[in-house]
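Data from upload.cif: mmCIF, C-alpha atoms
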data_protein
loop_
_atom_site.group_PDB
_atom_site.id
_atom_site.type_symbol
_atom_site.label_atom_id
_atom_site.label_comp_id
_atom_site.auth_asym_id
_atom_site.auth_seq_id
_atom_site.Cartn_x
_atom_site.Cartn_y
_atom_site.Cartn_z
ATOM 1 C CA MET A 1 23.941 -34.118 -31.639
ATOM 2 C CA PHE A 2 20.230 -33.433 -31.212
ATOM 3 C CA PRO A 3 17.739 -36.093 -32.288
ATOM 4 C CA LYS A 4 15.575 -35.099 -35.271
ATOM 5 C CA LEU A 5 12.030 -34.139 -34.358
ATOM 6 C CA ASP A 6 9.298 -36.070 -36.174
ATOM 7 C CA PRO A 7 7.916 -33.495 -38.667
ATOM 8 C CA LEU A 8 4.494 -35.131 -38.607
ATOM 9 C CA LEU A 9 4.172 -34.536 -34.879
ATOM 10 C CA HIS A 10 5.894 -31.155 -34.829
ATOM 11 C CA SER A 11 2.705 -29.345 -35.751
ATOM 12 C CA GLU A 12 0.364 -27.826 -33.192
ATOM 13 C CA LEU A 13 -2.924 -29.477 -34.124
ATOM 14 C CA ARG A 14 -1.497 -32.914 -34.895
ATOM 15 C CA LEU A 15 0.521 -32.867 -31.687
ATOM 16 C CA ALA A 16 -2.566 -31.898 -29.679
ATOM 17 C CA VAL A 17 -4.558 -34.736 -31.240
ATOM 18 C CA MET A 18 -1.792 -37.243 -30.531
ATOM 19 C CA SER A 19 -1.477 -36.011 -26.903
ATOM 20 C CA ILE A 20 -5.198 -36.590 -26.324
ATOM 21 C CA LEU A 21 -5.199 -39.992 -28.018
ATOM 22 C CA ALA A 22 -2.121 -41.121 -26.057
ATOM 23 C CA GLU A 23 -4.145 -40.658 -22.854
ATOM 24 C CA VAL A 24 -7.457 -42.290 -23.829
ATOM 25 C CA GLU A 25 -8.471 -45.586 -25.383
ATOM 26 C CA SER A 26 -10.272 -43.853 -28.258
ATOM 27 C CA ALA A 27 -11.911 -40.486 -28.880
ATOM 28 C CA ASP A 28 -14.746 -39.203 -31.051
ATOM 29 C CA PHE A 29 -14.169 -36.581 -33.728
ATOM 30 C CA SER A 30 -16.439 -34.156 -31.828
ATOM 31 C CA TYR A 31 -14.402 -34.568 -28.619
ATOM 32 C CA LEU A 32 -11.125 -33.924 -30.467
ATOM 33 C CA LYS A 33 -12.669 -30.884 -32.151
ATOM 34 C CA LYS A 34 -13.844 -29.478 -28.822
ATOM 35 C CA GLN A 35 -10.555 -30.131 -27.018
ATOM 36 C CA THR A 36 -8.384 -28.680 -29.777
ATOM 37 C CA SER A 37 -10.737 -25.792 -30.659
ATOM 38 C CA SER A 38 -10.203 -26.542 -34.339
ATOM 39 C CA THR A 39 -12.520 -26.471 -37.347
ATOM 40 C CA SER A 40 -13.943 -29.688 -38.743
ATOM 41 C CA GLY A 41 -12.170 -29.229 -42.093
ATOM 42 C CA ASN A 42 -8.730 -28.641 -40.628
ATOM 43 C CA LEU A 43 -9.089 -31.450 -38.098
ATOM 44 C CA SER A 44 -10.167 -33.869 -40.851
ATOM 45 C CA VAL A 45 -7.103 -33.012 -42.929
ATOM 46 C CA GLN A 46 -4.744 -33.498 -39.971
ATOM 47 C CA LEU A 47 -6.423 -36.779 -38.978
ATOM 48 C CA ASP A 48 -5.991 -38.031 -42.545
ATOM 49 C CA LYS A 49 -2.260 -37.237 -42.382
ATOM 50 C CA LEU A 50 -1.865 -39.077 -39.073
ATOM 51 C CA SER A 51 -3.893 -41.989 -40.368
ATOM 52 C CA ALA A 52 -1.840 -42.187 -43.584
ATOM 53 C CA ALA A 53 1.305 -42.489 -41.453
ATOM 54 C CA ASN A 54 -0.394 -45.267 -39.466
ATOM 55 C CA TYR A 55 -0.127 -43.188 -36.276
ATOM 56 C CA ILE A 56 -3.869 -43.427 -35.664
ATOM 57 C CA SER A 57 -6.720 -45.600 -36.847
ATOM 58 C CA VAL A 58 -9.971 -43.928 -37.880
ATOM 59 C CA GLU A 59 -13.234 -45.803 -37.742
ATOM 60 C CA LYS A 60 -16.453 -44.406 -39.170
ATOM 61 C CA GLY A 61 -19.715 -45.669 -37.753
ATOM 62 C CA PHE A 62 -22.977 -44.599 -36.191
ATOM 63 C CA LYS A 63 -24.062 -43.773 -32.651
ATOM 64 C CA GLY A 64 -27.760 -44.468 -32.950
ATOM 65 C CA LYS A 65 -28.639 -42.593 -36.136
ATOM 66 C CA VAL A 66 -25.843 -40.045 -35.869
ATOM 67 C CA PRO A 67 -22.623 -40.609 -37.860
ATOM 68 C CA CYS A 68 -19.611 -40.918 -35.628
ATOM 69 C CA THR A 69 -15.868 -40.985 -36.347
ATOM 70 C CA THR A 70 -13.731 -42.660 -33.712
ATOM 71 C CA CYS A 71 -9.953 -42.241 -33.590
ATOM 72 C CA LYS A 72 -7.504 -44.468 -31.814
ATOM 73 C CA ILE A 73 -3.725 -44.258 -31.486
ATOM 74 C CA THR A 74 -1.805 -47.207 -32.977
ATOM 75 C CA GLU A 75 1.322 -48.846 -31.562
ATOM 76 C CA THR A 76 3.390 -47.078 -34.221
ATOM 77 C CA GLY A 77 1.779 -43.789 -33.207
ATOM 78 C CA MET A 78 2.406 -44.365 -29.522
ATOM 79 C CA GLU A 79 6.060 -45.183 -30.176
ATOM 80 C CA ALA A 80 6.463 -42.103 -32.361
ATOM 81 C CA PHE A 81 4.821 -39.942 -29.682
ATOM 82 C CA HIS A 82 7.125 -41.295 -26.961
ATOM 83 C CA ASN A 83 10.187 -40.779 -29.148
ATOM 84 C CA TYR A 84 9.038 -37.235 -29.917
ATOM 85 C CA VAL A 85 8.604 -36.363 -26.210
ATOM 86 C CA LYS A 86 11.992 -37.927 -25.429
ATOM 87 C CA ALA A 87 13.616 -35.872 -28.183
ATOM 88 C CA LEU A 88 11.968 -32.688 -26.864
ATOM 89 C CA GLN A 89 13.285 -33.378 -23.373
ATOM 90 C CA GLU A 90 16.787 -33.859 -24.765
ATOM 91 C CA TYR A 91 16.562 -30.522 -26.603
ATOM 92 C CA ILE A 92 15.539 -28.755 -23.412
ATOM 93 C CA SER A 93 18.019 -30.414 -21.080
ATOM 94 C CA LYS A 94 21.061 -29.567 -23.318
ATOM 95 C CA MET B 1 -4.100 -23.996 -32.619
ATOM 96 C CA GLU B 2 -6.150 -23.449 -35.752
ATOM 97 C CA ASN B 3 -3.737 -21.267 -37.729
ATOM 98 C CA ASN B 4 -0.533 -22.904 -36.629
ATOM 99 C CA ASN B 5 -0.304 -26.250 -38.346
ATOM 100 C CA GLU B 6 3.297 -26.427 -39.393
ATOM 101 C CA ASN B 7 6.684 -26.751 -37.785
ATOM 102 C CA ASN B 8 7.362 -23.417 -36.083
ATOM 103 C CA MET B 9 7.170 -24.394 -32.415
ATOM 104 C CA THR B 10 10.150 -24.468 -30.097
ATOM 105 C CA ALA B 11 10.819 -27.601 -28.013
ATOM 106 C CA GLN B 12 9.539 -25.841 -24.894
ATOM 107 C CA GLU B 13 6.360 -24.710 -26.669
ATOM 108 C CA SER B 14 5.717 -28.260 -27.842
ATOM 109 C CA LEU B 15 6.104 -29.651 -24.322
ATOM 110 C CA ASN B 16 3.848 -26.911 -22.933
ATOM 111 C CA LEU B 17 1.234 -27.722 -25.556
ATOM 112 C CA ILE B 18 1.321 -31.438 -24.667
ATOM 113 C CA ASN B 19 0.932 -30.594 -20.962
ATOM 114 C CA GLU B 20 -1.914 -28.157 -21.578
ATOM 115 C CA VAL B 21 -3.851 -30.488 -23.860
ATOM 116 C CA LEU B 22 -3.357 -33.467 -21.527
ATOM 117 C CA ASN B 23 -4.478 -31.454 -18.486
ATOM 118 C CA ASN B 24 -7.586 -30.093 -20.223
ATOM 119 C CA SER B 25 -8.556 -33.534 -21.485
ATOM 120 C CA ARG B 26 -7.961 -35.096 -18.040
ATOM 121 C CA LYS B 27 -10.087 -32.389 -16.417
ATOM 122 C CA SER B 28 -13.074 -32.944 -18.687
ATOM 123 C CA ILE B 29 -12.851 -36.734 -18.240
ATOM 124 C CA LEU B 30 -12.566 -36.673 -14.433
ATOM 125 C CA SER B 31 -15.159 -33.937 -14.015
ATOM 126 C CA LYS B 32 -17.622 -36.399 -15.612
ATOM 127 C CA ASN B 33 -16.685 -38.880 -12.841
ATOM 128 C CA GLY B 34 -17.466 -36.166 -10.269
ATOM 129 C CA LYS B 35 -21.059 -35.928 -11.534
ATOM 130 C CA HIS B 36 -21.501 -39.669 -11.021
ATOM 131 C CA PHE B 37 -20.192 -39.467 -7.442
ATOM 132 C CA ILE B 38 -22.669 -36.653 -6.690
ATOM 133 C CA LEU B 39 -25.584 -38.567 -8.240
ATOM 134 C CA TRP B 40 -24.926 -41.797 -6.309
ATOM 135 C CA GLY B 41 -24.180 -39.876 -3.109
ATOM 136 C CA VAL B 42 -27.484 -37.973 -3.262
ATOM 137 C CA LEU B 43 -29.372 -41.157 -4.102
ATOM 138 C CA LEU B 44 -27.755 -43.148 -1.264
ATOM 139 C CA THR B 45 -28.481 -40.364 1.233
ATOM 140 C CA ILE B 46 -32.149 -40.066 0.196
ATOM 141 C CA VAL B 47 -32.890 -43.811 -0.096
ATOM 142 C CA SER B 48 -31.202 -44.727 3.196
ATOM 143 C CA PHE B 49 -32.908 -41.850 5.005
ATOM 144 C CA VAL B 50 -36.344 -42.805 3.624
ATOM 145 C CA ILE B 51 -35.831 -46.464 4.639
ATOM 146 C CA TYR B 52 -34.588 -45.372 8.064
ATOM 147 C CA GLU B 53 -37.668 -43.186 8.610
ATOM 148 C CA LEU B 54 -40.103 -45.903 7.451
ATOM 149 C CA TRP B 55 -38.407 -48.658 9.486
ATOM 150 C CA HIS B 56 -38.072 -46.401 12.528
ATOM 151 C CA THR B 57 -41.728 -45.293 12.514
ATOM 152 C CA THR B 58 -43.384 -48.604 11.551
ATOM 153 C CA GLY B 59 -40.882 -50.983 13.178
ATOM 154 C CA ASN B 60 -41.013 -53.147 10.054
ATOM 155 C CA PRO B 61 -37.552 -54.127 8.654
ATOM 156 C CA ASN B 62 -39.123 -55.226 5.349
ATOM 157 C CA TRP B 63 -38.783 -51.606 4.192
ATOM 158 C CA ASN B 64 -35.186 -52.655 3.429
ATOM 159 C CA LEU B 65 -36.519 -54.066 0.176
ATOM 160 C CA LEU B 66 -36.665 -50.438 -0.986
ATOM 161 C CA TRP B 67 -32.893 -50.672 -1.549
ATOM 162 C CA VAL B 68 -33.864 -52.063 -4.949
ATOM 163 C CA ALA B 69 -34.797 -48.460 -5.786
ATOM 164 C CA MET B 70 -31.087 -47.557 -5.884
ATOM 165 C CA PRO B 71 -30.251 -49.332 -9.184
ATOM 166 C CA ILE B 72 -33.763 -48.779 -10.603
ATOM 167 C CA ILE B 73 -33.480 -45.007 -10.206
ATOM 168 C CA GLY B 74 -29.676 -44.739 -10.379
ATOM 169 C CA PHE B 75 -28.810 -46.367 -13.691
ATOM 170 C CA PRO B 76 -31.395 -44.475 -15.823
ATOM 171 C CA MET B 77 -30.228 -41.259 -14.124
ATOM 172 C CA VAL B 78 -26.613 -42.096 -15.062
ATOM 173 C CA LYS B 79 -27.760 -42.474 -18.691
ATOM 174 C CA ILE B 80 -29.506 -39.103 -18.577
ATOM 175 C CA ILE B 81 -26.600 -37.166 -17.056
ATOM 176 C CA SER B 82 -24.104 -38.938 -19.364
ATOM 177 C CA LYS B 83 -25.989 -37.800 -22.479
ATOM 178 C CA LYS B 84 -24.572 -34.305 -22.256
ATOM 179 C CA ASP B 85 -20.978 -35.502 -22.355
ATOM 180 C CA ALA B 86 -21.516 -38.719 -24.284
ATOM 181 C CA ASP B 87 -18.509 -38.015 -26.493
ATOM 182 C CA THR B 88 -16.129 -37.667 -23.512
ATOM 183 C CA PRO B 89 -13.890 -40.747 -23.529
ATOM 184 C CA GLN B 90 -12.451 -42.573 -20.538
ATOM 185 C CA ASN B 91 -8.828 -42.494 -19.485
ATOM 186 C CA ALA B 92 -6.951 -45.018 -17.342
ATOM 187 C CA ILE B 93 -7.946 -43.361 -14.020
ATOM 188 C CA SER B 94 -11.643 -42.907 -14.822
ATOM 189 C CA ARG B 95 -11.830 -46.481 -16.149
ATOM 190 C CA GLN B 96 -10.241 -47.891 -12.985
ATOM 191 C CA ILE B 97 -12.539 -45.857 -10.723
ATOM 192 C CA SER B 98 -15.633 -46.991 -12.657
ATOM 193 C CA GLY B 99 -14.433 -50.597 -12.477
ATOM 194 C CA LEU B 100 -13.778 -50.311 -8.753
ATOM 195 C CA TRP B 101 -17.286 -48.971 -8.002
ATOM 196 C CA LEU B 102 -18.903 -51.561 -10.280
ATOM 197 C CA ALA B 103 -17.025 -54.260 -8.351
ATOM 198 C CA TYR B 104 -18.323 -52.702 -5.103
ATOM 199 C CA CYS B 105 -21.921 -52.780 -6.429
ATOM 200 C CA ALA B 106 -21.508 -56.405 -7.528
ATOM 201 C CA PHE B 107 -20.134 -57.418 -4.082
ATOM 202 C CA VAL B 108 -22.936 -55.631 -2.242
ATOM 203 C CA MET B 109 -25.674 -57.093 -4.447
ATOM 204 C CA LEU B 110 -24.266 -60.621 -4.144
ATOM 205 C CA ILE B 111 -23.907 -60.364 -0.364
ATOM 206 C CA PHE B 112 -27.406 -58.882 -0.069
ATOM 207 C CA VAL B 113 -28.996 -61.623 -2.185
ATOM 208 C CA ALA B 114 -26.946 -64.376 -0.506
ATOM 209 C CA SER B 115 -27.847 -63.137 2.967
ATOM 210 C CA VAL B 116 -31.553 -63.016 2.109
ATOM 211 C CA PHE B 117 -31.709 -66.490 0.541
ATOM 212 C CA PHE B 118 -28.857 -68.569 1.935
ATOM 213 C CA LEU B 119 -27.022 -67.043 4.866
ATOM 214 C CA LYS B 120 -29.860 -66.011 7.151
ATOM 215 C CA PRO B 121 -29.017 -68.517 9.898
ATOM 216 C CA MET B 122 -25.477 -67.095 10.114
ATOM 217 C CA GLN B 123 -26.842 -63.742 11.347
ATOM 218 C CA MET B 124 -24.406 -61.848 9.177
ATOM 219 C CA ASN B 125 -23.912 -58.168 10.087
ATOM 220 C CA LEU B 126 -24.653 -56.865 6.589
ATOM 221 C CA SER B 127 -24.321 -53.187 7.477
ATOM 222 C CA LEU B 128 -20.812 -53.751 8.838
ATOM 223 C CA ILE B 129 -19.649 -55.511 5.677
ATOM 224 C CA ILE B 130 -21.293 -53.038 3.295
ATOM 225 C CA VAL B 131 -20.052 -49.937 5.107
ATOM 226 C CA LEU B 132 -16.526 -51.380 5.397
ATOM 227 C CA LEU B 133 -16.488 -52.119 1.656
ATOM 228 C CA LEU B 134 -17.901 -48.640 0.960
ATOM 229 C CA GLY B 135 -15.119 -47.008 2.969
ATOM 230 C CA PHE B 136 -12.477 -49.163 1.282
ATOM 231 C CA THR B 137 -13.769 -48.317 -2.215
ATOM 232 C CA GLU B 138 -13.896 -44.626 -1.331
ATOM 233 C CA CYS B 139 -10.337 -44.778 0.041
ATOM 234 C CA ALA B 140 -9.051 -46.616 -3.071
ATOM 235 C CA SER B 141 -10.718 -43.953 -5.283
ATOM 236 C CA GLY B 142 -8.883 -41.290 -3.285
ATOM 237 C CA ILE B 143 -5.570 -43.075 -3.861
ATOM 238 C CA MET B 144 -6.219 -43.154 -7.626
ATOM 239 C CA LEU B 145 -7.210 -39.478 -7.647
ATOM 240 C CA LYS B 146 -4.264 -38.617 -5.353
ATOM 241 C CA ASN B 147 -6.571 -36.745 -2.984
ATOM 242 C CA TRP B 148 -5.963 -36.969 0.772
ATOM 243 C CA THR B 149 -9.433 -35.665 1.727
ATOM 244 C CA ILE B 150 -11.068 -38.575 -0.117
ATOM 245 C CA ILE B 151 -8.553 -41.108 1.294
ATOM 246 C CA ILE B 152 -9.158 -39.964 4.884
ATOM 247 C CA SER B 153 -12.958 -39.763 4.375
ATOM 248 C CA GLY B 154 -12.884 -43.350 3.094
ATOM 249 C CA CYS B 155 -10.886 -44.540 6.134
ATOM 250 C CA ILE B 156 -13.233 -42.775 8.572
ATOM 251 C CA LEU B 157 -16.283 -44.131 6.763
ATOM 252 C CA GLY B 158 -14.972 -47.709 6.554
ATOM 253 C CA VAL B 159 -13.299 -48.172 9.924
ATOM 254 C CA GLY B 160 -15.574 -45.839 11.909
ATOM 255 C CA GLY B 161 -18.634 -47.228 10.154
ATOM 256 C CA ALA B 162 -17.647 -50.829 10.922
ATOM 257 C CA PHE B 163 -17.308 -50.032 14.651
ATOM 258 C CA ALA B 164 -20.558 -48.067 14.632
ATOM 259 C CA ALA B 165 -22.353 -50.910 12.825
ATOM 260 C CA GLN B 166 -21.327 -53.219 15.678
ATOM 261 C CA SER B 167 -22.587 -50.882 18.374
ATOM 262 C CA VAL B 168 -25.849 -49.530 16.930
ATOM 263 C CA GLN B 169 -28.867 -51.713 16.322
ATOM 264 C CA SER B 170 -31.529 -52.166 13.618
ATOM 265 C CA ALA B 171 -32.899 -49.015 11.981
ATOM 266 C CA GLU B 172 -30.194 -46.746 13.397
ATOM 267 C CA GLN B 173 -27.609 -48.635 11.320
ATOM 268 C CA LEU B 174 -29.117 -46.981 8.247
ATOM 269 C CA LEU B 175 -27.871 -43.623 9.448
ATOM 270 C CA LEU B 176 -24.383 -44.933 8.584
ATOM 271 C CA PHE B 177 -25.453 -45.044 4.954
ATOM 272 C CA VAL B 178 -26.894 -41.535 5.157
ATOM 273 C CA PHE B 179 -23.418 -40.483 6.336
ATOM 274 C CA GLY B 180 -21.808 -42.634 3.598
ATOM 275 C CA GLY B 181 -23.988 -40.941 0.958
ATOM 276 C CA LEU B 182 -22.917 -37.511 2.190
ATOM 277 C CA ILE B 183 -19.233 -38.567 1.992
ATOM 278 C CA ILE B 184 -19.684 -39.809 -1.597
ATOM 279 C CA MET B 185 -21.457 -36.566 -2.502
ATOM 280 C CA LEU B 186 -18.558 -34.618 -0.963
ATOM 281 C CA THR B 187 -16.127 -36.702 -3.025
ATOM 282 C CA GLY B 188 -18.036 -35.721 -6.180
ATOM 283 C CA LEU B 189 -17.898 -32.048 -5.270
ATOM 284 C CA ILE B 190 -14.142 -32.293 -4.571
ATOM 285 C CA VAL B 191 -13.508 -34.096 -7.878
ATOM 286 C CA LYS B 192 -15.592 -31.523 -9.771
ATOM 287 C CA SER B 193 -13.831 -28.560 -8.193
ATOM 288 C CA GLN B 194 -10.376 -30.169 -8.569
ATOM 289 C CA TYR B 195 -10.893 -30.799 -12.288
ATOM 290 C CA LYS B 196 -12.995 -27.736 -13.138
#
Serialized structure, structure tokens:
Amino acid sequence: MFPKLDPLLHSELRLAVMSILAEVESADFSYLKKQTSSTSGNLSVQLDKLSAANYISVEKGFKGKVPCTTCKITETGMEAFHNYVKALQEYISK
Amino acid sequence: MENNNENNMTAQESLNLINEVLNNSRKSILSKNGKHFILWGVLLTIVSFVIYELWHTTGNPNWNLLWVAMPIIGFPMVKIISKKDADTPQNAISRQISGLWLAYCAFVMLIFVASVFFLKPMQMNLSLIIVLLLGFTECASGIMLKNWTIIISGCILGVGGAFAAQSVQSAEQLLLFVFGGLIIMLTGLIVKSQYK
């Protein structure tokens, strides 16, 4: 019996965002946009979905006078990401 | 990535995507570290060579006070070169390497200040200690980056430098730091090319 893949993570852009955030302490919106080659609108929507599931925390602030959105993976998000990778490995190995 | 938001990836595609994204992110983070290595390497080479020349020609060791130029020039330069990739975050490796080099700077500054004000009668061989620590820090950075060239360079710099510091006298000892600066610069170039 294969484990069920988390539908929230089984999407290209959300998975890419979670992969980046699993590696770093926190990342700016502009960095995520550059690394995922996505549009601001689409990235915002996907970040909102991850945030609503408590997979990431989103903090809005300023860097000098420039608005800045910082994203950070939560413990729930990290656990979900690990479970997702584990499930993927099981799919491939069977 | 833009037009493919929903669940139509295979397990293999998902794993490939995770690998690709992680690798790209790691590259951009560590390439930033490479720039810092190059900056400090160039600065160390220039400052130590200038002090060597001044000390060698005038015979006055007080030119060593010019070492203060390193942080005065270095830290503002770091701010300038970091502006371009200000949004690039740090990962575990880059954070550990930064911490390691900051610890090295703190050790060197403390030893330098202590030797000037308190330890003068002990005739401490400052160059030996500083070059040994420099080699060790370089070697530890190589271990974190899993790069044998950097590990071996660090060993040669630390151990070879310590022996050389014992055998050469006064102004000539500064040539060790010119060599050290070149090694750090080389490290930066390796890191940049490895994570291009």
Could you tell me, as a PDB file with C-alpha atoms, keeping the file's coordinate frame, exactly which residues end up selected when the PyMOL selection byres ((chain A and resi 61-77) around 7) is applied to this structure?
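Final output, saved to part_31.pdb:
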ATOM      1  CA  LEU A  21      -5.199 -39.992 -28.018  1.00  0.00           C
ATOM      2  CA  ALA A  22      -2.121 -41.121 -26.057  1.00  0.00           C
ATOM      3  CA  GLU A  25      -8.471 -45.586 -25.383  1.00  0.00           C
ATOM      4  CA  SER A  26     -10.272 -43.853 -28.258  1.00  0.00           C
ATOM      5  CA  ALA A  27     -11.911 -40.486 -28.880  1.00  0.00           C
ATOM      6  CA  ASP A  28     -14.746 -39.203 -31.051  1.00  0.00           C
ATOM      7  CA  PHE A  29     -14.169 -36.581 -33.728  1.00  0.00           C
ATOM      8  CA  ASN A  54      -0.394 -45.267 -39.466  1.00  0.00           C
ATOM      9  CA  TYR A  55      -0.127 -43.188 -36.276  1.00  0.00           C
ATOM     10  CA  ILE A  56      -3.869 -43.427 -35.664  1.00  0.00           C
ATOM     11  CA  SER A  57      -6.720 -45.600 -36.847  1.00  0.00           C
ATOM     12  CA  VAL A  58      -9.971 -43.928 -37.880  1.00  0.00           C
ATOM     13  CA  GLU A  59     -13.234 -45.803 -37.742  1.00  0.00           C
ATOM     14  CA  LYS A  60     -16.453 -44.406 -39.170  1.00  0.00           C
ATOM     15  CA  MET A  78       2.406 -44.365 -29.522  1.00  0.00           C
ATOM     16  CA  GLU A  79       6.060 -45.183 -30.176  1.00  0.00           C
ATOM     17  CA  ALA A  80       6.463 -42.103 -32.361  1.00  0.00           C
ATOM     18  CA  PHE A  81       4.821 -39.942 -29.682  1.00  0.00           C
TER      19      PHE A  81
END
Going by the chain IDs and residue numbers used in this file, which residues fall under the PyMOL selection byres ((chain A) within 9 of (chain B))? Write them as a tab-separated table (two decimals) with C-alpha atoms, in the coordinates of the input.
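Done, and the output landed in out11.tsv:
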chain	number	residue	atom	x	y	z
A	7	PRO	CA	7.92	-33.49	-38.67
A	8	LEU	CA	4.49	-35.13	-38.61
A	9	LEU	CA	4.17	-34.54	-34.88
A	10	HIS	CA	5.89	-31.16	-34.83
A	11	SER	CA	2.70	-29.34	-35.75
A	12	GLU	CA	0.36	-27.83	-33.19
A	13	LEU	CA	-2.92	-29.48	-34.12
A	14	ARG	CA	-1.50	-32.91	-34.90
A	15	LEU	CA	0.52	-32.87	-31.69
A	16	ALA	CA	-2.57	-31.90	-29.68
A	17	VAL	CA	-4.56	-34.74	-31.24
A	18	MET	CA	-1.79	-37.24	-30.53
A	19	SER	CA	-1.48	-36.01	-26.90
A	20	ILE	CA	-5.20	-36.59	-26.32
A	22	ALA	CA	-2.12	-41.12	-26.06
A	23	GLU	CA	-4.14	-40.66	-22.85
A	24	VAL	CA	-7.46	-42.29	-23.83
A	25	GLU	CA	-8.47	-45.59	-25.38
A	26	SER	CA	-10.27	-43.85	-28.26
A	27	ALA	CA	-11.91	-40.49	-28.88
A	28	ASP	CA	-14.75	-39.20	-31.05
A	29	PHE	CA	-14.17	-36.58	-33.73
A	30	SER	CA	-16.44	-34.16	-31.83
A	31	TYR	CA	-14.40	-34.57	-28.62
A	35	GLN	CA	-10.56	-30.13	-27.02
A	36	THR	CA	-8.38	-28.68	-29.78
A	37	SER	CA	-10.74	-25.79	-30.66
A	38	SER	CA	-10.20	-26.54	-34.34
A	39	THR	CA	-12.52	-26.47	-37.35
A	42	ASN	CA	-8.73	-28.64	-40.63
A	43	LEU	CA	-9.09	-31.45	-38.10
A	46	GLN	CA	-4.74	-33.50	-39.97
A	85	VAL	CA	8.60	-36.36	-26.21
A	87	ALA	CA	13.62	-35.87	-28.18
A	88	LEU	CA	11.97	-32.69	-26.86
A	89	GLN	CA	13.28	-33.38	-23.37
A	91	TYR	CA	16.56	-30.52	-26.60
A	92	ILE	CA	15.54	-28.76	-23.41
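Taking atom CA of Leu65 of chain B and atom CA of Ser127 of chain B as the two end points, the separation is 14.2 Å.
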Q: Give as a ChimeraX atom specification every residue, naming chains and numbers as the document does, that has an atom within 8 Å of (-25.5, -47.5, 5.7), counting all atoms listed in the file.
A: /B:48,127,130-131,173-180
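Atom pair atom CA of Ser82 of chain B / atom CA of Ser51 of chain A has a distance of 29.3 Å (rounded to one decimal).
From atom CA of Val50 of chain B back to atom CA of Leu133 of chain B, the distance works out to 22.0 Å.
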Q) For this file, the PyMOL selection byres ((chain B and resi 53) around 12) selects which residues, as a ChimeraX atom specification? A) /B:46-52,54-61,63-64,170-175,178
